[in-house]
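> I have a structure here, written as structure tokens, and I will follow up with some questions on it.
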Amino acid sequence: KMSLSEYLHFDVYGIELYKIVLSFLCLLSALFVKVVFNQAVIPLFHKFAKRTKSTYDDLLVEALHKPLNAVIYVTGIYYAIIVLSLPSEPYNFPRFFYSTYRIAISLITVWAIYRLSNLLATFLRRIISKADHEMAEVFAPLITQALRVTILIIGVLLIIQNLGYSVGSLLAGLGIGGLAVALAAQDTISNLFGTFVMIADRPFKVGDWVQFRDIDGNVESIGFRSTKIRTWSKSLKILPNKLLTSEIIENWSEMPKRRVKMNLGITYDSSPEKICLLRDSMERILAEDPDVDQDYYLVYFTDFGPSSLDFFVYYFTKSTVWKEYLAVRQRINIKFINAVRELGLSFAFPSQSVYFGDQLQLANPVSDSLK
């Protein structure tokens with residue numbers, strides 16, 4: 001019979017049996033720690049976080065939960081391999097797995113920091129909101145994007161360093177080609193500066209209705225390089241920010257009220273008395289309508305048109321919403337029609353009078369004296 005010591009030192013493909021047992025125990029321990037961590041530690045952290053008024057601790061626990069699980073798994077696997085005492089010849093397995101472990105931990109660290117960027121972005125958004133809520137809505141997503149890009153760059157450099165390469169030499173090499181990169185990226189840099197100008201001037205914000213050249217629609221998002229506008233035909237226009245800061249943009253959402261400007265023509269057989277009564281009636285219609293802004297409105301008989309006596313009507317609706325604005329215009333127009341009909345007047349339409357023979361002479365009596 002073999003003793004326990006002999007069993008434990010029994011060779012299995014060049015690895016002693018007790019080392020295989022230790023490797024299995026390392027994996028089992030990692031699984032046990034993971035279960036305890038998820039079933040006891042994390043719920044305890046959540047419990048403490050819920051007792052506080054701040055939401056930052058909740059975000060912190062949520063951000064670190066999965067990365068810490070990954071650390072437990074990777075560490076368990078690494079020590080399960082190390083206890084096997086793999087040979088270093090002809091290939092150095094211990095060194096290979098140690099480098100792999102360091103790279104894995106570096107990746108998990110970058111992942112954890114990347115998830116924590118949401119926490120920092122939330123914190124910055126609240127700080128900016130105290131000064132200017134609209135700026136926070138535009139600026140916070142840009143900060144989040146910048147943080148994430150920075151974290152990824154640092155993570156790549158950290159992994160390169162762990163692989164044994166000199167980051168300093170790499171950066172020096174990048175510096176040599178920096179001029180070429182700058183020339184190639186000049187449009188990107190221009191758009192980036194355009195973004196900063198937009199943040200400072202705030203010509204519009206996400207959700208605003210804007211018009212730029214022949215593009216008309218709602219701002220859907222503002223990025224580092226471009227702004228997305230959803231047009232009324234539901235197509236998506238992507239505009240470089242440098243263009244938006246160098247040309248005229250019309251922001252319809254900033255209208256405090258909405259203008260109505262129109263001409264209304266009646267026939268030439270209308271008497272001066274009825275013209276005055278119609279003007280007073282239309283002015284009264286505007287004055288009594290609750291959706292018409294009462295600060296400024298005009299109704300005047302202004303022109304002798306080619307085929308009509310023209311009234312100039314000018315007023316503002318209180319609502320700037322397109323549907324509500326059209327509803328007010330429709331209601332006012334119907335009241336104008338009723339006012340014209342009540343006075344026995346008629347709307348004019350384009351027309352011409354043609355004279356023949358004796359009618360022409362009657363219309364121009366002076367013509368006989370010129371013969």
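Ordered as shown in the structure tokens, chains take letters A, B, and onward, while each chain numbers its residues from 1 and ligands are numbered from 1 in the order shown.
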Within 7 Å of range 104-114 of chain A, counting only C-alpha atoms, which residues qualify if same-chain residues fewer than 6 places away don't, as a list in words?
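The neighbour list is Ala63, Leu64, Pro67, Val71, Arg148, Ile151, Gly155, Leu158 and Ile159 of chain A.
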> Using DSSP secondary structure from the backbone, list all strand (DSSP E) positions within range 183-298 of chain A, as a PyMOL selection string.
chain A and resi 209-212+215-222+226-231+236-240+250-251+258-266+298
> Please, could you write that set of residues out with N, CA and C atoms as a JSON list (two decimals), in the first residue's frame?

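The file below, selection.json, is the result:
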[["chain", "number", "residue", "atom", "x", "y", "z"],
["A", 209, "TRP", "N", -35.54, 73.87, -31.44],
["A", 209, "TRP", "CA", -35.88, 73.90, -32.87],
["A", 209, "TRP", "C", -35.02, 74.99, -33.51],
["A", 210, "VAL", "N", -34.13, 74.60, -34.42],
["A", 210, "VAL", "CA", -33.20, 75.54, -35.04],
["A", 210, "VAL", "C", -33.29, 75.44, -36.55],
["A", 211, "GLN", "N", -32.84, 76.50, -37.20],
["A", 211, "GLN", "CA", -32.76, 76.52, -38.66],
["A", 211, "GLN", "C", -31.38, 77.01, -39.05],
["A", 212, "PHE", "N", -30.69, 76.22, -39.89],
["A", 212, "PHE", "CA", -29.35, 76.54, -40.35],
["A", 212, "PHE", "C", -29.31, 76.29, -41.85],
["A", 215, "ILE", "N", -31.52, 73.66, -43.48],
["A", 215, "ILE", "CA", -31.78, 72.59, -42.52],
["A", 215, "ILE", "C", -32.66, 73.13, -41.41],
["A", 216, "ASP", "N", -33.77, 72.44, -41.17],
["A", 216, "ASP", "CA", -34.76, 72.90, -40.20],
["A", 216, "ASP", "C", -35.21, 71.70, -39.37],
["A", 217, "GLY", "N", -34.98, 71.76, -38.04],
["A", 217, "GLY", "CA", -35.39, 70.63, -37.21],
["A", 217, "GLY", "C", -34.96, 70.80, -35.76],
["A", 218, "ASN", "N", -35.04, 69.72, -34.99],
["A", 218, "ASN", "CA", -34.70, 69.73, -33.57],
["A", 218, "ASN", "C", -33.28, 69.22, -33.34],
["A", 219, "VAL", "N", -32.57, 69.87, -32.41],
["A", 219, "VAL", "CA", -31.23, 69.43, -32.04],
["A", 219, "VAL", "C", -31.35, 68.14, -31.23],
["A", 220, "GLU", "N", -30.71, 67.08, -31.73],
["A", 220, "GLU", "CA", -30.82, 65.78, -31.08],
["A", 220, "GLU", "C", -29.66, 65.51, -30.14],
["A", 221, "SER", "N", -28.46, 65.94, -30.52],
["A", 221, "SER", "CA", -27.30, 65.75, -29.64],
["A", 221, "SER", "C", -26.19, 66.71, -30.07],
["A", 222, "ILE", "N", -25.33, 67.05, -29.11],
["A", 222, "ILE", "CA", -24.17, 67.91, -29.36],
["A", 222, "ILE", "C", -22.93, 67.15, -28.94],
["A", 226, "SER", "N", -19.37, 67.19, -33.87],
["A", 226, "SER", "CA", -20.52, 67.55, -34.68],
["A", 226, "SER", "C", -21.79, 67.64, -33.84],
["A", 227, "THR", "N", -22.81, 68.21, -34.46],
["A", 227, "THR", "CA", -24.13, 68.33, -33.85],
["A", 227, "THR", "C", -25.14, 67.63, -34.75],
["A", 228, "LYS", "N", -26.03, 66.84, -34.15],
["A", 228, "LYS", "CA", -27.03, 66.10, -34.91],
["A", 228, "LYS", "C", -28.38, 66.82, -34.83],
["A", 229, "ILE", "N", -28.98, 67.05, -36.00],
["A", 229, "ILE", "CA", -30.28, 67.73, -36.08],
["A", 229, "ILE", "C", -31.25, 66.79, -36.78],
["A", 230, "ARG", "N", -32.37, 66.51, -36.11],
["A", 230, "ARG", "CA", -33.43, 65.68, -36.68],
["A", 230, "ARG", "C", -34.40, 66.59, -37.41],
["A", 231, "THR", "N", -34.45, 66.48, -38.74],
["A", 231, "THR", "CA", -35.30, 67.36, -39.54],
["A", 231, "THR", "C", -36.76, 66.94, -39.43],
["A", 236, "LEU", "N", -31.72, 62.55, -40.48],
["A", 236, "LEU", "CA", -30.75, 63.03, -39.49],
["A", 236, "LEU", "C", -29.63, 63.76, -40.19],
["A", 237, "LYS", "N", -29.45, 65.04, -39.87],
["A", 237, "LYS", "CA", -28.37, 65.85, -40.43],
["A", 237, "LYS", "C", -27.26, 65.97, -39.39],
["A", 238, "ILE", "N", -26.02, 65.68, -39.81],
["A", 238, "ILE", "CA", -24.87, 65.78, -38.92],
["A", 238, "ILE", "C", -23.99, 66.93, -39.41],
["A", 239, "LEU", "N", -23.88, 67.98, -38.59],
["A", 239, "LEU", "CA", -23.20, 69.21, -39.00],
["A", 239, "LEU", "C", -21.92, 69.39, -38.18],
["A", 240, "PRO", "N", -20.78, 69.68, -38.82],
["A", 240, "PRO", "CA", -19.55, 70.00, -38.08],
["A", 240, "PRO", "C", -19.75, 71.25, -37.22],
["A", 250, "GLU", "N", -30.74, 80.27, -36.70],
["A", 250, "GLU", "CA", -32.00, 80.82, -36.20],
["A", 250, "GLU", "C", -32.59, 79.82, -35.21],
["A", 251, "ASN", "N", -32.71, 80.25, -33.95],
["A", 251, "ASN", "CA", -33.24, 79.40, -32.90],
["A", 251, "ASN", "C", -34.70, 79.77, -32.65],
["A", 258, "ARG", "N", -45.10, 84.35, -30.89],
["A", 258, "ARG", "CA", -44.99, 84.06, -32.32],
["A", 258, "ARG", "C", -45.79, 85.05, -33.15],
["A", 259, "ARG", "N", -45.15, 85.55, -34.21],
["A", 259, "ARG", "CA", -45.74, 86.64, -34.99],
["A", 259, "ARG", "C", -46.69, 86.13, -36.07],
["A", 260, "VAL", "N", -47.75, 86.94, -36.29],
["A", 260, "VAL", "CA", -48.66, 86.75, -37.43],
["A", 260, "VAL", "C", -48.67, 88.07, -38.21],
["A", 261, "LYS", "N", -48.36, 87.99, -39.49],
["A", 261, "LYS", "CA", -48.33, 89.18, -40.35],
["A", 261, "LYS", "C", -49.10, 88.83, -41.62],
["A", 262, "MET", "N", -50.16, 89.59, -41.90],
["A", 262, "MET", "CA", -51.02, 89.24, -43.04],
["A", 262, "MET", "C", -51.67, 90.48, -43.64],
["A", 263, "ASN", "N", -52.10, 90.34, -44.89],
["A", 263, "ASN", "CA", -52.86, 91.38, -45.58],
["A", 263, "ASN", "C", -54.24, 90.82, -45.94],
["A", 264, "LEU", "N", -55.26, 91.64, -45.74],
["A", 264, "LEU", "CA", -56.64, 91.23, -46.00],
["A", 264, "LEU", "C", -57.26, 92.26, -46.92],
["A", 265, "GLY", "N", -57.78, 91.81, -48.08],
["A", 265, "GLY", "CA", -58.32, 92.74, -49.07],
["A", 265, "GLY", "C", -59.81, 92.62, -49.25],
["A", 266, "ILE", "N", -60.52, 93.77, -49.32],
["A", 266, "ILE", "CA", -61.96, 93.78, -49.59],
["A", 266, "ILE", "C", -62.20, 94.52, -50.90],
["A", 298, "LEU", "N", -51.69, 95.42, -34.47],
["A", 298, "LEU", "CA", -52.05, 96.51, -35.39],
["A", 298, "LEU", "C", -53.11, 96.02, -36.37]]
> Name the closest residue to Leu309 in chain A among the candidates A:Val156, A:Val321, A:Leu44, A:Ile275; distances are taken between atoms, counting only C-alpha atoms.
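That would be A:Ile275, the residue with the smallest distance to Leu309 in chain A.
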> Quick one: pull the distance between CA of Lys34 in chain A and CA of Leu22 in chain A, Å, one decimal.
18.1 Å
> Excluding same-chain residues fewer than 4 positions from range 283-290 of chain A, what lies within 10 Å of it counting only C-alpha atoms, as a PyMOL selection string?
chain A and resi 277-279+294-300+313-318+328+331-333+335-336+339
> Restricted to C-alpha atoms, what would the selected residues look like written as an mmCIF file, in the first residue's frame?

data_model
loop_
_atom_site.group_PDB
_atom_site.id
_atom_site.type_symbol
_atom_site.label_atom_id
_atom_site.label_comp_id
_atom_site.auth_asym_id
_atom_site.auth_seq_id
_atom_site.Cartn_x
_atom_site.Cartn_y
_atom_site.Cartn_z
ATOM 1 C CA LEU A 277 -66.328 99.707 -38.877
ATOM 2 C CA LEU A 278 -64.479 96.641 -40.215
ATOM 3 C CA ARG A 279 -61.169 97.919 -38.906
ATOM 4 C CA GLN A 294 -52.030 92.138 -25.897
ATOM 5 C CA ASP A 295 -48.756 94.046 -25.717
ATOM 6 C CA TYR A 296 -48.710 94.891 -29.408
ATOM 7 C CA TYR A 297 -51.089 94.415 -32.339
ATOM 8 C CA LEU A 298 -52.054 96.507 -35.393
ATOM 9 C CA VAL A 299 -55.056 96.650 -37.725
ATOM 10 C CA TYR A 300 -55.074 99.440 -40.367
ATOM 11 C CA VAL A 313 -52.992 92.921 -39.726
ATOM 12 C CA TYR A 314 -50.121 92.333 -37.325
ATOM 13 C CA TYR A 315 -50.222 90.483 -33.988
ATOM 14 C CA PHE A 316 -48.510 87.832 -31.853
ATOM 15 C CA THR A 317 -49.763 84.583 -30.380
ATOM 16 C CA LYS A 318 -48.825 83.787 -26.793
ATOM 17 C CA VAL A 328 -55.110 80.595 -32.961
ATOM 18 C CA ARG A 331 -59.834 80.987 -35.049
ATOM 19 C CA ILE A 332 -58.917 84.616 -35.738
ATOM 20 C CA ASN A 333 -59.310 84.167 -39.501
ATOM 21 C CA LYS A 335 -63.796 85.639 -36.889
ATOM 22 C CA PHE A 336 -62.493 88.038 -39.577
ATOM 23 C CA ALA A 339 -66.954 90.323 -39.381
#
> Can you tell me which residues surround Asp269 in chain A at a distance of at most 12 Å, considering only C-alpha atoms, apart from same-chain residues fewer than 5 positions away, and format the answer as a ChimeraX atom specification?
/A:274-275,307-309,344-348
> Mind checking which residues fall within 9 Å of Thr122 in chain A, counting only C-alpha atoms, ignoring those fewer than 4 positions away in the same chain, and posting them as a PyMOL selection string?
chain A and resi 56+117-118+126-127+140+144
> Create the file for the chosen residues now, containing N, CA and C atoms and written as a short mmCIF file (atom, residue, chain, number, x, y, z; two decimals), in the first residue's frame.

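Final output, again39.cif:
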data_model
loop_
_atom_site.label_atom_id
_atom_site.label_comp_id
_atom_site.auth_asym_id
_atom_site.auth_seq_id
_atom_site.Cartn_x
_atom_site.Cartn_y
_atom_site.Cartn_z
N TYR A 56 -24.17 59.12 -4.53
CA TYR A 56 -22.82 58.80 -5.01
C TYR A 56 -22.35 57.44 -4.50
N SER A 117 -16.35 56.66 -14.17
CA SER A 117 -16.50 57.94 -14.87
C SER A 117 -17.94 58.44 -14.81
N ASN A 118 -18.90 57.52 -14.75
CA ASN A 118 -20.31 57.93 -14.60
C ASN A 118 -20.54 58.65 -13.28
N ARG A 126 -24.02 67.96 -11.42
CA ARG A 126 -24.74 68.63 -10.31
C ARG A 126 -24.07 69.95 -9.95
N ILE A 127 -22.75 69.97 -10.01
CA ILE A 127 -22.04 71.22 -9.70
C ILE A 127 -22.38 72.29 -10.73
N ALA A 140 -22.16 68.32 -19.59
CA ALA A 140 -21.93 67.06 -18.87
C ALA A 140 -21.67 65.88 -19.81
N THR A 144 -18.22 63.60 -19.89
CA THR A 144 -18.23 62.14 -19.78
C THR A 144 -17.45 61.51 -20.92
#
